[in-house]
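Have a look at the structure below, then the notes.
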There are 2 protein chains.
Amino acid sequence: MLGIRYLSKYCSQRYHMIGELLCKEKPDIVLLQEVWSEKDYLFLKKKLSCTHPYTHYFKSGVIGSGLAIFSKHRIHDTLLHRYSLNGYPYMAHHGDWFGGKAVGMAVLSLGNLTANVYVTHLHAEYNREKDSYLAHRVVQAWELQQFIRHTSAGADVVILGGDLNMHPQDLGNRLLRSYTGLRDAYAETAKFDGCEGGVTLIADNPFISQKEIFPFEKGIRIDYILFKGSSRAEIGCDSMSTTKGSVADSPFPFSDHEALTAELKLDSCVSPQTGNDKPCKNPDSAGNLAELVDIVTEARTEVKVGLHCAERMRYTAARTGVMGLALLFLELAIAAVPWFALGAEQPFPQTSFYLLAALCFAVLLTTFLLYIFYTIEIKSLQGAEDQMRLAVGSLHEKLRGFPATQPHCASMEPPEGQEPPARDPEE
Amino acid sequence: MLGIRYLSKYCSQRYHMIGELLCKEKPDIVLLQEVWSEKDYLFLKKKLSCTHPYTHYFKSGVIGSGLAIFSKHRIHDTLLHRYSLNGYPYMAHHGDWFGGKAVGMAVLSLGNLTANVYVTHLHAEYNREKDSYLAHRVVQAWELQQFIRHTSAGADVVILGGDLNMHPQDLGNRLLRSYTGLRDAYAETAKFDGCEGGVTLIADNPFISQKEIFPFEKGIRIDYILFKGSSRAEIGCDSMSTTKGSVADSPFPFSDHEALTAELKLDSCVSPQTGNDKPCKNPDSAGNLAELVDIVTEARTEVKVGLHCAERMRYTAARTGVMGLALLFLELAIAAVPWFALGAEQPFPQTSFYLLAALCFAVLLTTFLLYIFYTIEIKSLQGAEDQMRLAVGSLHEKLRGFPATQPHCASMEPPEGQEPPARDPEE
């Protein structure tokens, strides 16, 4: 498997190089991010038509999701889920908002096994000390784990590849791994050949600025291949490698990130006596659950902080809008005074009047749009926080090991026996 | 279960009535659509806190999804998926675009069974003869079935309730039912008490206009409760009822749609020897598959028609934008002529110049926004069409009963045996 990222310098040459590499190495599954142009995708599709006949380009938004998958194995089905939050449109120089970040899923047949392969790209981190996008990235990680958990129940194997824009022990990463039970290929691999520490963003790369990795001079690891098996299949990582910056016979590397390749070993273990679906590594042990509760609580705190910020920003936008409106009324009043009192003949500072009116309208329009935008942000953050609260409640119940008494009410009538004929206390 | 819809007339009275009804009838699960105001949700939440302690309000967009669920049984997890298409923002009188249509999922424990309960509300049909939203509704139905199929693999029981805005035999409805294997409670119920034909939009209702149901004077059936079981549980409908317009002691009904109530019977059938997850009613028989291929092909055709329309609209927007730009340049040229030739003293028709310039800018801005909007629409339609093409290919392969030869290439090397240790030809 392979994850590669693109930027615009030497674009066509680099797609050519990548096509050559993939033709030569022939990985079973290729996961690409930031393939912004459909032309580039079609170029790769043509180039890889013999080695990777099955492919899908995840379309969404204006620019697209930038996500693509190439496979030797038949893709039966695909699904795209757009994250509800993705930065701010006015932070145009960061550009994340315009990219339409999403997670794409493809259902593949690997022999007699069904694999759900996910590819994603989360919001970038621009300033680790003062990360104004932390809440957004945590919500994205939350939605990612929700999406994977809920869509992978029927899969024998789950593989996730992508640019998570998070360090290995960052909150979102821990949330993702502990909730889904996904394991990090780099942490589990038997053999590794690549940059020290598995870093994928390195100082040597000419496409990145040193600011991006400061203060980690040796580079950072923010691209991952994660996987998990199930009761029907075991999966492990035999070997893993990354590209190491420069490419032989080329003045520039493939991408701004190093490409990851992992050789995964699959063993189907069909045991007809186990009629359940729980993965071999059951994440529901008490220790894991307690850890998960802590992580979700931590994530909830971050989302609340983000919510507080968003509410403050919306308040500021509303206040500025009201001030713009007041200014407009004031101007109209000033304009009306000579008109009423002295007639229309009076000399009137037309140009400054129009300029000021235009300014007022611009302020009103901008603050209105910002107000709408922050309202959407607040709704999304509240939605994520609601889900997290639900999840913590449900995890606590599991931890206690018996069904919770129903909240809110002191005297409870027993639930009507309309639905389940028997209530086993097993859960 | 219950599905109710709201409009704004007598809003608080109707919420009060609905709260009373639910307190009295105490259904296990209540699914509501068009609960636009969070205040109304919180009113119901408080009112039902003793009978339905578990509840979730699905937040999204500016206005919200309007979806809510109340349950006697613990909600463990929720997930929201917004449809990528939902009408046009400039059709403000139809209002669908602003509503942020979505499908919400809640994972419930019903005794020892896990139930995935879905609630949704699709785009309305305003003109059955010339339905300009057909492609949008088909894509929504497609996304709905994708979402249900992919998220319900781990569920013992699946229940969907909502306003699908489609007649029972409409394309989207057939697509949804045949792909997911969901069964219509109205078609399967042993007992039925309600409006003739199970209609949920009736002429008697004072909140709807007669145009909405023309030419079906007896009303139309567009709200549904669908369900399916699995290998671990069987589900059937014992009885079903709808409200019948007027409500005793009240001058107006609960909602513009009639409420649906279904009594579902669940039997858990845990058979440890069947280690698979396939639902009892396996939708993968050859006859079903052939029918499914036809339906998906029909849906694909509708999406292509929609795509063609969207491309034409985008072309028109682009052409209008270019004309606006040309007009602006012409105006600037006309303004520049006296300025260059005769100096600035020349009398100049300032007002008409500004008005015309404002018109040009308005045209440019509008066409730019429309262009962006149509581009998003085209991307979404293309995305759905890509998925449908994939699905048809995969279904054809299943129909043939053996793995397809890989396309595009004449001479194929065998796939490297990197992943599956053995390739059973069973699939």
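All residue names refer to the structure tokens as shown: chains lettered A, B, ... in order, residues numbered from 1 in each chain, ligands numbered from 1 in order.
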Surrounding residues of Thr242 of chain B excluding itself and chain neighbours under 6 positions, 9 Å, only C-alpha atoms, as a compact mmCIF listing (two decimals) with all heavy atoms, in the first residue's frame:
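Contents of the output file part16.txt:
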# COMPACT_ATOMS: atom_id res chain seq x y z
N PHE B 192 -54.37 -3.29 9.86
CA PHE B 192 -54.13 -1.89 9.55
C PHE B 192 -55.34 -1.05 9.91
O PHE B 192 -56.47 -1.41 9.61
CB PHE B 192 -53.80 -1.70 8.07
CG PHE B 192 -53.56 -0.27 7.71
CD1 PHE B 192 -52.38 0.37 8.07
CD2 PHE B 192 -54.55 0.48 7.06
CE1 PHE B 192 -52.17 1.70 7.77
CE2 PHE B 192 -54.34 1.82 6.76
CZ PHE B 192 -53.14 2.42 7.11
N ASP B 193 -55.07 0.06 10.55
CA ASP B 193 -56.14 0.96 10.92
C ASP B 193 -55.68 2.37 10.57
O ASP B 193 -54.76 2.89 11.19
CB ASP B 193 -56.41 0.85 12.43
CG ASP B 193 -57.40 1.90 12.89
OD1 ASP B 193 -58.34 2.22 12.12
OD2 ASP B 193 -57.23 2.41 14.01
N GLY B 194 -56.29 2.96 9.55
CA GLY B 194 -55.86 4.30 9.20
C GLY B 194 -56.47 4.74 7.89
O GLY B 194 -57.48 4.18 7.45
N CYS B 195 -55.87 5.74 7.26
CA CYS B 195 -56.40 6.26 6.01
C CYS B 195 -56.34 5.17 4.94
O CYS B 195 -55.42 4.35 4.93
CB CYS B 195 -55.57 7.46 5.55
SG CYS B 195 -55.52 8.78 6.75
N GLY B 198 -53.25 3.62 3.18
CA GLY B 198 -52.09 4.00 3.99
C GLY B 198 -51.55 5.38 3.67
O GLY B 198 -50.41 5.69 4.03
N VAL B 199 -52.38 6.20 3.02
CA VAL B 199 -51.87 7.53 2.62
C VAL B 199 -51.53 8.38 3.85
O VAL B 199 -52.15 8.25 4.90
CB VAL B 199 -52.88 8.29 1.72
CG1 VAL B 199 -53.08 7.53 0.43
CG2 VAL B 199 -54.20 8.52 2.44
N THR B 200 -50.52 9.21 3.69
CA THR B 200 -50.07 10.04 4.80
C THR B 200 -50.19 11.53 4.49
O THR B 200 -49.98 12.37 5.34
CB THR B 200 -48.61 9.75 5.15
OG1 THR B 200 -47.82 9.92 3.97
CG2 THR B 200 -48.45 8.32 5.66
N GLU B 258 -49.85 12.72 8.01
CA GLU B 258 -50.42 11.85 9.03
C GLU B 258 -49.28 11.07 9.71
O GLU B 258 -48.31 10.69 9.06
CB GLU B 258 -51.42 10.87 8.40
CG GLU B 258 -52.60 11.57 7.73
CD GLU B 258 -53.25 12.59 8.64
OE1 GLU B 258 -53.52 12.26 9.80
OE2 GLU B 258 -53.49 13.73 8.18
N ALA B 259 -49.43 10.86 11.00
CA ALA B 259 -48.40 10.12 11.75
C ALA B 259 -48.58 8.63 11.54
O ALA B 259 -49.70 8.13 11.43
CB ALA B 259 -48.51 10.45 13.23
N LEU B 260 -47.47 7.92 11.44
CA LEU B 260 -47.50 6.47 11.28
C LEU B 260 -47.11 5.81 12.60
O LEU B 260 -46.17 6.24 13.26
CB LEU B 260 -46.45 6.03 10.25
CG LEU B 260 -46.67 6.37 8.78
CD1 LEU B 260 -45.47 5.87 8.00
CD2 LEU B 260 -47.94 5.71 8.29
N THR B 261 -47.80 4.75 12.94
CA THR B 261 -47.41 3.95 14.09
C THR B 261 -47.39 2.49 13.66
O THR B 261 -48.34 2.03 13.03
CB THR B 261 -48.41 4.10 15.25
OG1 THR B 261 -48.69 5.49 15.42
CG2 THR B 261 -47.85 3.53 16.53
N ALA B 262 -46.32 1.80 13.98
CA ALA B 262 -46.24 0.37 13.64
C ALA B 262 -45.86 -0.40 14.89
O ALA B 262 -45.00 0.04 15.67
CB ALA B 262 -45.22 0.14 12.53
Need the shell around His52 of chain A: protein/DNA/RNA residues with any atom at most 6 Å away, counting only C-alpha atoms. Skip same-chain ones fewer than 4 positions apart. Format as number ranges by chain?
A: 48, 70-72
Residues within 12 Å of Met323 of chain B, only C-alpha atoms, excluding chain neighbours under 4 positions, as an NGL selection string:
:B and (316-319 or 327-330 or 359-361 or 363-364 or 367)
Please produce a file of the residues just selected, as a tab-separated table (two decimals), in the first residue's frame, where the atoms kept are C-alpha atoms.
chain	number	residue	atom	x	y	z
B	316	THR	CA	-25.90	29.14	-19.25
B	317	ALA	CA	-24.51	30.67	-16.05
B	318	ALA	CA	-21.05	30.91	-17.60
B	319	ARG	CA	-22.42	32.51	-20.77
B	327	LEU	CA	-21.11	44.79	-20.74
B	328	LEU	CA	-18.83	46.02	-17.97
B	329	PHE	CA	-15.90	46.42	-20.36
B	330	LEU	CA	-18.12	48.17	-22.89
B	359	LEU	CA	-26.02	45.76	-12.51
B	360	CYS	CA	-22.90	44.30	-14.14
B	361	PHE	CA	-21.39	43.45	-10.77
B	363	VAL	CA	-24.78	39.75	-12.76
B	364	LEU	CA	-21.13	38.74	-12.35
B	367	THR	CA	-23.40	33.94	-12.22
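With atom CA of Lys191 of chain A on one side and atom CA of Thr243 of chain A on the other, the separation reads 14.8 Å.
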Going by DSSP on the backbone, which bits of segment 9-176 of chain A are strand (DSSP E)? Write them as a PDB file with N, CA and C atoms, in the first residue's frame, please.
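Ended up saving to part25.pdb:
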ATOM      1  N   ILE A  29      -2.697  -2.276  -3.414  1.00  0.00           N
ATOM      2  CA  ILE A  29      -3.630  -1.166  -3.221  1.00  0.00           C
ATOM      3  C   ILE A  29      -2.828   0.126  -3.111  1.00  0.00           C
ATOM      4  N   VAL A  30      -3.248   1.137  -3.822  1.00  0.00           N
ATOM      5  CA  VAL A  30      -2.591   2.444  -3.770  1.00  0.00           C
ATOM      6  C   VAL A  30      -3.603   3.468  -3.294  1.00  0.00           C
ATOM      7  N   LEU A  31      -3.247   4.199  -2.239  1.00  0.00           N
ATOM      8  CA  LEU A  31      -4.139   5.238  -1.723  1.00  0.00           C
ATOM      9  C   LEU A  31      -3.472   6.597  -1.899  1.00  0.00           C
ATOM     10  N   LEU A  32      -4.111   7.470  -2.617  1.00  0.00           N
ATOM     11  CA  LEU A  32      -3.519   8.780  -2.883  1.00  0.00           C
ATOM     12  C   LEU A  32      -4.374   9.882  -2.274  1.00  0.00           C
ATOM     13  N   TYR A  54      -8.712  -1.650 -11.251  1.00  0.00           N
ATOM     14  CA  TYR A  54      -9.848  -1.165 -10.470  1.00  0.00           C
ATOM     15  C   TYR A  54      -9.452   0.111  -9.748  1.00  0.00           C
ATOM     16  N   THR A  55     -10.231   1.127  -9.941  1.00  0.00           N
ATOM     17  CA  THR A  55      -9.849   2.416  -9.388  1.00  0.00           C
ATOM     18  C   THR A  55     -11.091   3.266  -9.117  1.00  0.00           C
ATOM     19  N   HIS A  56     -10.946   4.191  -8.206  1.00  0.00           N
ATOM     20  CA  HIS A  56     -12.051   5.121  -7.931  1.00  0.00           C
ATOM     21  C   HIS A  56     -11.476   6.468  -7.488  1.00  0.00           C
ATOM     22  N   TYR A  57     -12.105   7.514  -8.015  1.00  0.00           N
ATOM     23  CA  TYR A  57     -11.725   8.878  -7.655  1.00  0.00           C
ATOM     24  C   TYR A  57     -12.907   9.468  -6.899  1.00  0.00           C
ATOM     25  N   PHE A  58     -12.689   9.895  -5.668  1.00  0.00           N
ATOM     26  CA  PHE A  58     -13.790  10.362  -4.827  1.00  0.00           C
ATOM     27  C   PHE A  58     -14.089  11.824  -5.133  1.00  0.00           C
ATOM     28  N   LEU A  67      -9.045  12.527  -3.137  1.00  0.00           N
ATOM     29  CA  LEU A  67      -8.738  11.157  -2.737  1.00  0.00           C
ATOM     30  C   LEU A  67      -8.931  10.198  -3.910  1.00  0.00           C
ATOM     31  N   ALA A  68      -7.996   9.265  -4.036  1.00  0.00           N
ATOM     32  CA  ALA A  68      -8.105   8.284  -5.109  1.00  0.00           C
ATOM     33  C   ALA A  68      -7.580   6.947  -4.627  1.00  0.00           C
ATOM     34  N   ILE A  69      -8.134   5.886  -5.183  1.00  0.00           N
ATOM     35  CA  ILE A  69      -7.656   4.554  -4.857  1.00  0.00           C
ATOM     36  C   ILE A  69      -7.436   3.778  -6.153  1.00  0.00           C
ATOM     37  N   PHE A  70      -6.321   3.059  -6.205  1.00  0.00           N
ATOM     38  CA  PHE A  70      -6.034   2.165  -7.323  1.00  0.00           C
ATOM     39  C   PHE A  70      -5.843   0.773  -6.733  1.00  0.00           C
ATOM     40  N   SER A  71      -6.410  -0.215  -7.388  1.00  0.00           N
ATOM     41  CA  SER A  71      -6.359  -1.549  -6.798  1.00  0.00           C
ATOM     42  C   SER A  71      -6.205  -2.630  -7.871  1.00  0.00           C
ATOM     43  N   ILE A  75     -13.029  -3.535  -6.867  1.00  0.00           N
ATOM     44  CA  ILE A  75     -13.711  -2.639  -5.927  1.00  0.00           C
ATOM     45  C   ILE A  75     -15.207  -2.849  -6.123  1.00  0.00           C
ATOM     46  N   HIS A  76     -15.899  -3.296  -5.074  1.00  0.00           N
ATOM     47  CA  HIS A  76     -17.322  -3.598  -5.208  1.00  0.00           C
ATOM     48  C   HIS A  76     -18.188  -2.398  -4.937  1.00  0.00           C
ATOM     49  N   ASP A  77     -17.702  -1.517  -4.111  1.00  0.00           N
ATOM     50  CA  ASP A  77     -18.574  -0.468  -3.621  1.00  0.00           C
ATOM     51  C   ASP A  77     -17.706   0.643  -3.059  1.00  0.00           C
ATOM     52  N   THR A  78     -18.207   1.852  -3.130  1.00  0.00           N
ATOM     53  CA  THR A  78     -17.460   2.954  -2.521  1.00  0.00           C
ATOM     54  C   THR A  78     -18.434   3.856  -1.780  1.00  0.00           C
ATOM     55  N   LEU A  79     -17.909   4.603  -0.852  1.00  0.00           N
ATOM     56  CA  LEU A  79     -18.736   5.523  -0.070  1.00  0.00           C
ATOM     57  C   LEU A  79     -17.842   6.683   0.349  1.00  0.00           C
ATOM     58  N   LEU A  80     -18.401   7.882   0.324  1.00  0.00           N
ATOM     59  CA  LEU A  80     -17.640   9.061   0.711  1.00  0.00           C
ATOM     60  C   LEU A  80     -18.360   9.763   1.848  1.00  0.00           C
ATOM     61  N   HIS A  81     -17.611  10.173   2.841  1.00  0.00           N
ATOM     62  CA  HIS A  81     -18.205  10.923   3.946  1.00  0.00           C
ATOM     63  C   HIS A  81     -17.420  12.215   4.119  1.00  0.00           C
ATOM     64  N   ARG A  82     -18.094  13.332   3.949  1.00  0.00           N
ATOM     65  CA  ARG A  82     -17.418  14.627   4.124  1.00  0.00           C
ATOM     66  C   ARG A  82     -17.449  15.015   5.583  1.00  0.00           C
ATOM     67  N   ALA A 102     -12.418  14.820   3.355  1.00  0.00           N
ATOM     68  CA  ALA A 102     -13.404  13.749   3.474  1.00  0.00           C
ATOM     69  C   ALA A 102     -12.693  12.437   3.743  1.00  0.00           C
ATOM     70  N   VAL A 103     -13.480  11.399   4.003  1.00  0.00           N
ATOM     71  CA  VAL A 103     -12.917  10.051   4.063  1.00  0.00           C
ATOM     72  C   VAL A 103     -13.646   9.207   3.023  1.00  0.00           C
ATOM     73  N   GLY A 104     -12.869   8.524   2.218  1.00  0.00           N
ATOM     74  CA  GLY A 104     -13.425   7.657   1.189  1.00  0.00           C
ATOM     75  C   GLY A 104     -13.269   6.204   1.599  1.00  0.00           C
ATOM     76  N   MET A 105     -14.267   5.398   1.275  1.00  0.00           N
ATOM     77  CA  MET A 105     -14.188   3.978   1.597  1.00  0.00           C
ATOM     78  C   MET A 105     -14.375   3.166   0.318  1.00  0.00           C
ATOM     79  N   ALA A 106     -13.607   2.106   0.185  1.00  0.00           N
ATOM     80  CA  ALA A 106     -13.809   1.183  -0.927  1.00  0.00           C
ATOM     81  C   ALA A 106     -13.887  -0.228  -0.359  1.00  0.00           C
ATOM     82  N   VAL A 107     -14.862  -0.986  -0.837  1.00  0.00           N
ATOM     83  CA  VAL A 107     -15.018  -2.375  -0.393  1.00  0.00           C
ATOM     84  C   VAL A 107     -14.387  -3.267  -1.457  1.00  0.00           C
ATOM     85  N   LEU A 108     -13.363  -3.987  -1.034  1.00  0.00           N
ATOM     86  CA  LEU A 108     -12.583  -4.800  -1.983  1.00  0.00           C
ATOM     87  C   LEU A 108     -12.718  -6.282  -1.670  1.00  0.00           C
ATOM     88  N   SER A 109     -12.568  -7.094  -2.691  1.00  0.00           N
ATOM     89  CA  SER A 109     -12.439  -8.532  -2.488  1.00  0.00           C
ATOM     90  C   SER A 109     -10.967  -8.891  -2.532  1.00  0.00           C
ATOM     91  N   LEU A 110     -10.456  -9.425  -1.415  1.00  0.00           N
ATOM     92  CA  LEU A 110      -9.088  -9.949  -1.433  1.00  0.00           C
ATOM     93  C   LEU A 110      -9.232 -11.465  -1.324  1.00  0.00           C
ATOM     94  N   LEU A 113     -11.765 -12.890   1.145  1.00  0.00           N
ATOM     95  CA  LEU A 113     -11.993 -11.939   2.237  1.00  0.00           C
ATOM     96  C   LEU A 113     -12.525 -10.616   1.705  1.00  0.00           C
ATOM     97  N   THR A 114     -13.281  -9.937   2.546  1.00  0.00           N
ATOM     98  CA  THR A 114     -13.778  -8.605   2.216  1.00  0.00           C
ATOM     99  C   THR A 114     -12.961  -7.584   2.998  1.00  0.00           C
ATOM    100  N   ALA A 115     -12.358  -6.653   2.278  1.00  0.00           N
ATOM    101  CA  ALA A 115     -11.557  -5.624   2.947  1.00  0.00           C
ATOM    102  C   ALA A 115     -12.221  -4.270   2.753  1.00  0.00           C
ATOM    103  N   ASN A 116     -12.369  -3.530   3.834  1.00  0.00           N
ATOM    104  CA  ASN A 116     -12.792  -2.140   3.739  1.00  0.00           C
ATOM    105  C   ASN A 116     -11.543  -1.269   3.789  1.00  0.00           C
ATOM    106  N   VAL A 117     -11.297  -0.572   2.703  1.00  0.00           N
ATOM    107  CA  VAL A 117     -10.105   0.266   2.631  1.00  0.00           C
ATOM    108  C   VAL A 117     -10.532   1.719   2.694  1.00  0.00           C
ATOM    109  N   TYR A 118      -9.947   2.466   3.622  1.00  0.00           N
ATOM    110  CA  TYR A 118     -10.303   3.869   3.823  1.00  0.00           C
ATOM    111  C   TYR A 118      -9.118   4.751   3.453  1.00  0.00           C
ATOM    112  N   VAL A 119      -9.419   5.876   2.849  1.00  0.00           N
ATOM    113  CA  VAL A 119      -8.367   6.848   2.558  1.00  0.00           C
ATOM    114  C   VAL A 119      -8.881   8.215   2.995  1.00  0.00           C
ATOM    115  N   THR A 120      -8.004   8.962   3.667  1.00  0.00           N
ATOM    116  CA  THR A 120      -8.469  10.262   4.171  1.00  0.00           C
ATOM    117  C   THR A 120      -7.323  11.260   4.272  1.00  0.00           C
ATOM    118  N   HIS A 121      -7.688  12.486   4.528  1.00  0.00           N
ATOM    119  CA  HIS A 121      -6.751  13.592   4.649  1.00  0.00           C
ATOM    120  C   HIS A 121      -7.377  14.599   5.609  1.00  0.00           C
ATOM    121  N   VAL A 157     -11.333  -7.393   6.992  1.00  0.00           N
ATOM    122  CA  VAL A 157     -10.101  -6.646   7.214  1.00  0.00           C
ATOM    123  C   VAL A 157     -10.389  -5.160   7.008  1.00  0.00           C
ATOM    124  N   VAL A 158      -9.777  -4.323   7.829  1.00  0.00           N
ATOM    125  CA  VAL A 158      -9.931  -2.877   7.678  1.00  0.00           C
ATOM    126  C   VAL A 158      -8.544  -2.270   7.492  1.00  0.00           C
ATOM    127  N   ILE A 159      -8.404  -1.443   6.483  1.00  0.00           N
ATOM    128  CA  ILE A 159      -7.132  -0.758   6.248  1.00  0.00           C
ATOM    129  C   ILE A 159      -7.419   0.724   6.064  1.00  0.00           C
ATOM    130  N   LEU A 160      -6.653   1.559   6.763  1.00  0.00           N
ATOM    131  CA  LEU A 160      -6.800   3.007   6.618  1.00  0.00           C
ATOM    132  C   LEU A 160      -5.447   3.581   6.243  1.00  0.00           C
ATOM    133  N   GLY A 161      -5.409   4.352   5.197  1.00  0.00           N
ATOM    134  CA  GLY A 161      -4.168   5.012   4.801  1.00  0.00           C
ATOM    135  C   GLY A 161      -4.451   6.472   4.579  1.00  0.00           C
ATOM    136  N   GLY A 162      -3.513   7.317   5.000  1.00  0.00           N
ATOM    137  CA  GLY A 162      -3.754   8.713   4.712  1.00  0.00           C
ATOM    138  C   GLY A 162      -2.908   9.656   5.522  1.00  0.00           C
ATOM    139  N   ASP A 163      -3.111  10.918   5.219  1.00  0.00           N
ATOM    140  CA  ASP A 163      -2.413  12.000   5.878  1.00  0.00           C
ATOM    141  C   ASP A 163      -3.315  12.480   7.006  1.00  0.00           C
TER     142      ASP A 163
END
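Nearest to chain A of all the residues B:Leu381, B:Leu289, B:Ile225, B:Leu175 is B:Leu381, based on only C-alpha atoms.
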I'd like to know which residues of segment 183-395 of chain B are alpha helix (DSSP H) (by DSSP, run on the backbone); could you write them as a ChimeraX atom specification?
/B:185-188,210-213,286-342,350-395
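Interatomic distance, atom CA of Tyr133 of chain B to atom CA of Gly64 of chain B: 21.0 Å.
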Do a neighbour search on segment 377-380 of chain A at 9 Å with only C-alpha atoms, toss out local chain neighbours closer than 4 positions, and write the hits as a compact mmCIF listing (two decimals) with C-alpha atoms, in the first residue's frame.
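Dumped everything to result-v4.txt:
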# COMPACT_ATOMS: atom_id res chain seq x y z
CA SER A 84 -18.65 18.58 8.85
CA LEU A 85 -15.82 20.93 9.86
CA VAL A 139 -13.99 16.53 15.35
CA GLY A 306 -13.57 25.06 20.27
CA LEU A 307 -17.26 25.64 20.86
CA HIS A 308 -16.49 28.44 23.27
CA ALA A 310 -16.75 29.71 17.93
CA GLU A 311 -19.44 31.26 20.11
CA ARG A 314 -20.03 34.58 16.37
CA ILE A 372 -23.94 32.02 9.24
CA PHE A 373 -20.57 30.28 9.04
CA ALA A 384 -19.96 16.12 17.88
CA GLU A 385 -20.12 16.97 21.56
CA LYS B 59 -27.67 18.90 14.48
CA SER B 60 -26.30 20.02 11.13
CA GLY B 61 -26.14 23.05 8.87
CA VAL B 62 -27.57 26.44 9.76
CA ILE B 63 -31.14 25.40 10.43
CA GLY B 64 -30.38 21.82 11.38
Shell around segment 290-296 of chain A at 8 Å using only C-alpha atoms, local window under 3 positions removed, as a PyMOL selection string:
chain A and resi 171+174-175+178-179+286-287+299-300+388+391-392+395-396+399
Please determine, counting only C-alpha atoms, which residue among A:Leu266, A:Cys11, A:Ala153, A:Leu134 has the shortest atom-to-atom distance to Phe43 of chain A.
A:Cys11
If we count only C-alpha atoms, what is near Phe214 of chain A at a cut-off of 12 Å, once residues fewer than 2 positions away on the same chain are taken out, given as an mmCIF file with N, CA and C atoms, in the first residue's frame?
data_model
loop_
_atom_site.group_PDB
_atom_site.id
_atom_site.type_symbol
_atom_site.label_atom_id
_atom_site.label_comp_id
_atom_site.auth_asym_id
_atom_site.auth_seq_id
_atom_site.Cartn_x
_atom_site.Cartn_y
_atom_site.Cartn_z
ATOM 1 N N GLU A 125 -1.991 21.018 10.468
ATOM 2 C CA GLU A 125 -1.641 21.748 11.690
ATOM 3 C C GLU A 125 -0.600 22.791 11.302
ATOM 4 N N TYR A 126 -0.925 24.071 11.506
ATOM 5 C CA TYR A 126 -0.002 25.113 11.060
ATOM 6 C C TYR A 126 0.841 25.661 12.191
ATOM 7 N N ASN A 127 0.307 25.553 13.399
ATOM 8 C CA ASN A 127 1.043 26.100 14.532
ATOM 9 C C ASN A 127 0.766 25.208 15.741
ATOM 10 N N ARG A 128 1.750 24.411 16.088
ATOM 11 C CA ARG A 128 1.521 23.412 17.142
ATOM 12 C C ARG A 128 1.301 24.065 18.503
ATOM 13 N N GLU A 129 1.959 25.216 18.725
ATOM 14 C CA GLU A 129 1.837 25.884 20.031
ATOM 15 C C GLU A 129 0.442 26.470 20.216
ATOM 16 N N LEU A 201 7.367 13.778 6.976
ATOM 17 C CA LEU A 201 7.564 15.180 6.599
ATOM 18 C C LEU A 201 8.975 15.517 7.064
ATOM 19 N N ILE A 202 9.904 15.659 6.109
ATOM 20 C CA ILE A 202 11.305 15.805 6.502
ATOM 21 C C ILE A 202 11.875 17.136 6.028
ATOM 22 N N ALA A 203 12.908 17.563 6.746
ATOM 23 C CA ALA A 203 13.497 18.878 6.478
ATOM 24 C C ALA A 203 14.111 18.958 5.086
ATOM 25 N N ILE A 208 8.548 21.712 1.183
ATOM 26 C CA ILE A 208 7.983 22.208 2.446
ATOM 27 C C ILE A 208 8.866 23.316 3.015
ATOM 28 N N SER A 209 8.264 24.140 3.870
ATOM 29 C CA SER A 209 9.048 25.170 4.539
ATOM 30 C C SER A 209 9.461 24.632 5.911
ATOM 31 N N GLN A 210 10.577 25.131 6.405
ATOM 32 C CA GLN A 210 11.081 24.638 7.690
ATOM 33 C C GLN A 210 10.091 24.900 8.818
ATOM 34 N N LYS A 211 9.274 25.936 8.629
ATOM 35 C CA LYS A 211 8.288 26.283 9.648
ATOM 36 C C LYS A 211 7.333 25.121 9.928
ATOM 37 N N GLU A 212 7.057 24.350 8.863
ATOM 38 C CA GLU A 212 6.056 23.292 8.998
ATOM 39 C C GLU A 212 6.460 22.224 10.006
ATOM 40 N N PHE A 216 10.665 20.214 15.301
ATOM 41 C CA PHE A 216 11.122 18.829 15.139
ATOM 42 C C PHE A 216 12.059 18.743 13.926
ATOM 43 N N GLU A 217 13.359 19.028 14.154
ATOM 44 C CA GLU A 217 14.271 19.120 13.012
ATOM 45 C C GLU A 217 14.377 17.813 12.246
ATOM 46 N N LYS A 218 14.177 16.701 12.958
ATOM 47 C CA LYS A 218 14.321 15.403 12.295
ATOM 48 C C LYS A 218 13.084 15.040 11.473
ATOM 49 N N GLY A 219 12.086 15.873 11.543
ATOM 50 C CA GLY A 219 10.866 15.602 10.789
ATOM 51 C C GLY A 219 9.773 15.063 11.684
ATOM 52 N N ILE A 220 8.573 14.947 11.133
ATOM 53 C CA ILE A 220 7.436 14.457 11.919
ATOM 54 C C ILE A 220 6.716 13.347 11.163
#
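The smallest atom-to-atom distance between Pro206 of chain B and any of B:Thr351, B:Ser239, B:Thr301, B:Ser246, using only C-alpha atoms, is found for B:Ser246.
Among the candidate residues B:Lys228, B:Arg137, B:Lys244, B:Lys398, the one lying nearest to chain A is B:Lys398, with distances computed using only C-alpha atoms.
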In terms of the shortest atom-to-atom distance over only C-alpha atoms, which of B:Pro27, B:Tyr90, B:Glu143, B:Gly401 is closest to Ser285 of chain B?
B:Gly401
